[in-house]
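**Q** The structure's right below; bear with me while I get my questions together.
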Amino acid sequence: MIEAKGNDMIITKEDGTEEVWKIYFYYVEEESKKTFYFLYKEEDPDSLIVMGSLDGKSLAPIEEEEMERAEEVLAAYEEDPTIQEAK
């Protein structure tokens with residue numbers, strides 16, 4: 001189960017434990033209606049991962065094709081001068 005609070009994504013595992021990840025950014029893919037979250041641990045900013053969600057309640061690993069598209073979106077996000085100024 002997931003819950004977004006501000007810039008945090010709280011992930012509740014099956015055993016009831018919670019992990020807090022920071023949301024770097026997210027986007028919704030129009031075609032699949034899937035939301036892709038770029039998440040990282042605050043104590044380890046290099047721990048960036050990408051997870052997908054179809055229902056907004058649970059996360060799932062993404063497939064190779066989705067990862068390729070996500071990497072393209074990430075590159076565009078990081079290269080956008082407007083976004084860089086807002087950071």
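We label chains A, B, ... in the order they appear in the structure tokens, count residues from 1 in each chain, and number ligands from 1 in the order shown.
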Which residues are near range 1-12 of chain A? Cut-off 7 Å, only C-alpha atoms, ignore same chain within fewer than 2 positions. Put them as a list of chain:residue names.

**A**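 The filter keeps A:Glu14, A:Gly16, A:Thr17, A:Glu18, A:Glu19, A:Val20, A:Trp21, A:Lys22, A:Ile23, A:Lys57, A:Ser58.
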
**Q** Go ahead and dump the residues you just picked, N, CA and C atoms, as an mmCIF file, in the first residue's frame.

**A**
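The resulting again_22.cif:
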```cif
data_model
loop_
_atom_site.group_PDB
_atom_site.id
_atom_site.type_symbol
_atom_site.label_atom_id
_atom_site.label_comp_id
_atom_site.auth_asym_id
_atom_site.auth_seq_id
_atom_site.Cartn_x
_atom_site.Cartn_y
_atom_site.Cartn_z
ATOM 1 N N GLU A 14 3.819 -5.834 3.203
ATOM 2 C CA GLU A 14 2.856 -6.857 3.600
ATOM 3 C C GLU A 14 2.942 -7.187 5.092
ATOM 4 N N GLY A 16 3.448 -5.093 7.418
ATOM 5 C CA GLY A 16 3.004 -3.939 8.189
ATOM 6 C C GLY A 16 4.070 -2.882 8.429
ATOM 7 N N THR A 17 5.316 -3.178 8.088
ATOM 8 C CA THR A 17 6.366 -2.178 8.273
ATOM 9 C C THR A 17 6.246 -1.105 7.188
ATOM 10 N N GLU A 18 6.719 0.074 7.542
ATOM 11 C CA GLU A 18 6.646 1.190 6.607
ATOM 12 C C GLU A 18 8.032 1.674 6.227
ATOM 13 N N GLU A 19 8.158 2.092 4.985
ATOM 14 C CA GLU A 19 9.375 2.727 4.491
ATOM 15 C C GLU A 19 8.971 4.077 3.934
ATOM 16 N N VAL A 20 9.819 5.065 4.163
ATOM 17 C CA VAL A 20 9.557 6.390 3.621
ATOM 18 C C VAL A 20 10.586 6.675 2.540
ATOM 19 N N TRP A 21 10.097 6.969 1.357
ATOM 20 C CA TRP A 21 10.929 7.339 0.215
ATOM 21 C C TRP A 21 10.549 8.758 -0.173
ATOM 22 N N LYS A 22 11.483 9.494 -0.709
ATOM 23 C CA LYS A 22 11.229 10.831 -1.231
ATOM 24 C C LYS A 22 10.797 10.702 -2.691
ATOM 25 N N ILE A 23 9.857 11.537 -3.098
ATOM 26 C CA ILE A 23 9.415 11.560 -4.489
ATOM 27 C C ILE A 23 10.271 12.585 -5.229
ATOM 28 N N LYS A 57 -2.693 2.855 -5.269
ATOM 29 C CA LYS A 57 -2.687 2.258 -3.936
ATOM 30 C C LYS A 57 -1.540 1.294 -3.724
ATOM 31 N N SER A 58 -0.964 0.806 -4.812
ATOM 32 C CA SER A 58 0.130 -0.155 -4.708
ATOM 33 C C SER A 58 1.155 0.125 -5.796
#
```

**Q** At a cut-off of 7 Å, using only C-alpha atoms, what residues contact Phe38 in chain A? Leave out same-chain residues fewer than 6 positions from it and give the result as a ChimeraX atom specification.

**A** /A:23-26,48-51

**Q** List the spatial neighbours of Arg69 in chain A as a list in words - criterion: any atom at most 12 Å away, only C-alpha atoms, same-chain residues fewer than 6 positions off excluded.

**A**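 Contacts, in chain order: Tyr27, Val28, Glu29, Phe36, Val50, Ile62, Glu63, Ala75 and Ala76 of chain A.
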
**Q** Quick one: DSSP strand (DSSP E or B) residues in chain A, as a ChimeraX atom specification?

**A** /A:2-5,8-12,18-29,34-41,44-53,60

**Q** Put those residues in a file: N, CA and C atoms, as a compact mmCIF listing (two decimals), in the first residue's frame.

**A**
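Here's the written file selection_35.txt:
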```txt
# COMPACT_ATOMS: atom_id res chain seq x y z
N ILE A 2 0.47 2.25 -0.72
CA ILE A 2 1.25 3.48 -0.77
C ILE A 2 0.39 4.66 -0.37
N GLU A 3 1.07 5.68 0.15
CA GLU A 3 0.39 6.92 0.49
C GLU A 3 1.38 8.06 0.27
N ALA A 4 0.98 9.02 -0.52
CA ALA A 4 1.83 10.18 -0.76
C ALA A 4 1.45 11.27 0.24
N LYS A 5 2.49 11.81 0.89
CA LYS A 5 2.31 12.92 1.83
C LYS A 5 3.37 13.95 1.49
N ASP A 8 6.86 12.95 0.25
CA ASP A 8 7.17 11.62 0.75
C ASP A 8 6.19 10.59 0.21
N MET A 9 6.71 9.40 -0.05
CA MET A 9 5.88 8.26 -0.41
C MET A 9 6.06 7.26 0.72
N ILE A 10 4.99 6.97 1.42
CA ILE A 10 5.03 6.00 2.51
C ILE A 10 4.56 4.67 1.94
N ILE A 11 5.44 3.69 2.01
CA ILE A 11 5.16 2.37 1.46
C ILE A 11 4.98 1.41 2.62
N THR A 12 3.78 0.83 2.73
CA THR A 12 3.51 -0.15 3.77
C THR A 12 3.66 -1.53 3.15
N GLU A 18 6.72 0.07 7.54
CA GLU A 18 6.65 1.19 6.61
C GLU A 18 8.03 1.67 6.23
N GLU A 19 8.16 2.09 4.99
CA GLU A 19 9.38 2.73 4.49
C GLU A 19 8.97 4.08 3.93
N VAL A 20 9.82 5.06 4.16
CA VAL A 20 9.56 6.39 3.62
C VAL A 20 10.59 6.67 2.54
N TRP A 21 10.10 6.97 1.36
CA TRP A 21 10.93 7.34 0.21
C TRP A 21 10.55 8.76 -0.17
N LYS A 22 11.48 9.49 -0.71
CA LYS A 22 11.23 10.83 -1.23
C LYS A 22 10.80 10.70 -2.69
N ILE A 23 9.86 11.54 -3.10
CA ILE A 23 9.42 11.56 -4.49
C ILE A 23 10.27 12.58 -5.23
N TYR A 24 11.07 12.10 -6.17
CA TYR A 24 11.87 12.99 -7.00
C TYR A 24 10.93 13.68 -7.99
N PHE A 25 10.14 12.89 -8.69
CA PHE A 25 9.02 13.37 -9.50
C PHE A 25 8.23 12.16 -9.98
N TYR A 26 7.08 12.45 -10.55
CA TYR A 26 6.24 11.38 -11.11
C TYR A 26 5.53 11.90 -12.34
N TYR A 27 5.06 10.98 -13.14
CA TYR A 27 4.26 11.34 -14.30
C TYR A 27 3.28 10.23 -14.61
N VAL A 28 2.22 10.60 -15.32
CA VAL A 28 1.22 9.62 -15.75
C VAL A 28 1.38 9.41 -17.25
N GLU A 29 1.51 8.17 -17.63
CA GLU A 29 1.63 7.82 -19.04
C GLU A 29 0.22 7.76 -19.63
N LYS A 34 -0.88 4.56 -16.45
CA LYS A 34 -0.04 4.13 -15.33
C LYS A 34 0.76 5.33 -14.83
N THR A 35 0.87 5.44 -13.51
CA THR A 35 1.68 6.50 -12.90
C THR A 35 3.05 5.92 -12.59
N PHE A 36 4.08 6.65 -12.97
CA PHE A 36 5.46 6.23 -12.71
C PHE A 36 6.07 7.19 -11.69
N TYR A 37 6.58 6.60 -10.62
CA TYR A 37 7.19 7.37 -9.54
C TYR A 37 8.69 7.16 -9.54
N PHE A 38 9.43 8.25 -9.47
CA PHE A 38 10.88 8.21 -9.28
C PHE A 38 11.11 8.50 -7.81
N LEU A 39 11.61 7.51 -7.09
CA LEU A 39 11.75 7.59 -5.64
C LEU A 39 13.20 7.40 -5.21
N TYR A 40 13.55 8.02 -4.08
CA TYR A 40 14.89 7.83 -3.53
C TYR A 40 14.82 7.93 -2.02
N LYS A 41 15.81 7.37 -1.36
CA LYS A 41 15.93 7.45 0.09
C LYS A 41 16.65 8.76 0.43
N ASP A 44 20.21 8.50 1.05
CA ASP A 44 21.01 8.01 -0.07
C ASP A 44 20.42 8.54 -1.38
N PRO A 45 20.70 9.80 -1.73
CA PRO A 45 20.10 10.39 -2.93
C PRO A 45 20.41 9.63 -4.23
N ASP A 46 21.45 8.80 -4.23
CA ASP A 46 21.79 8.02 -5.43
C ASP A 46 20.96 6.75 -5.55
N SER A 47 20.03 6.52 -4.64
CA SER A 47 19.23 5.30 -4.62
C SER A 47 17.98 5.41 -5.49
N LEU A 48 17.98 6.24 -6.50
CA LEU A 48 16.81 6.49 -7.33
C LEU A 48 16.29 5.19 -7.97
N ILE A 49 15.00 4.94 -7.76
CA ILE A 49 14.32 3.79 -8.36
C ILE A 49 13.07 4.30 -9.08
N VAL A 50 12.54 3.49 -9.96
CA VAL A 50 11.30 3.81 -10.67
C VAL A 50 10.32 2.68 -10.40
N MET A 51 9.11 3.07 -9.97
CA MET A 51 8.06 2.10 -9.73
C MET A 51 6.80 2.60 -10.41
N GLY A 52 5.92 1.68 -10.74
CA GLY A 52 4.68 2.05 -11.41
C GLY A 52 3.47 1.71 -10.57
N SER A 53 2.36 2.39 -10.84
CA SER A 53 1.11 2.12 -10.14
C SER A 53 -0.05 2.34 -11.11
N ALA A 60 4.41 -1.41 -8.24
CA ALA A 60 4.90 -2.63 -8.87
C ALA A 60 6.14 -2.28 -9.68
```

**Q** Write down as a PyMOL selection string the residues belonging to chain A that are assigned helix (DSSP H, G or I) by DSSP computed on the backbone.

**A** chain A and resi 64-79+81-86
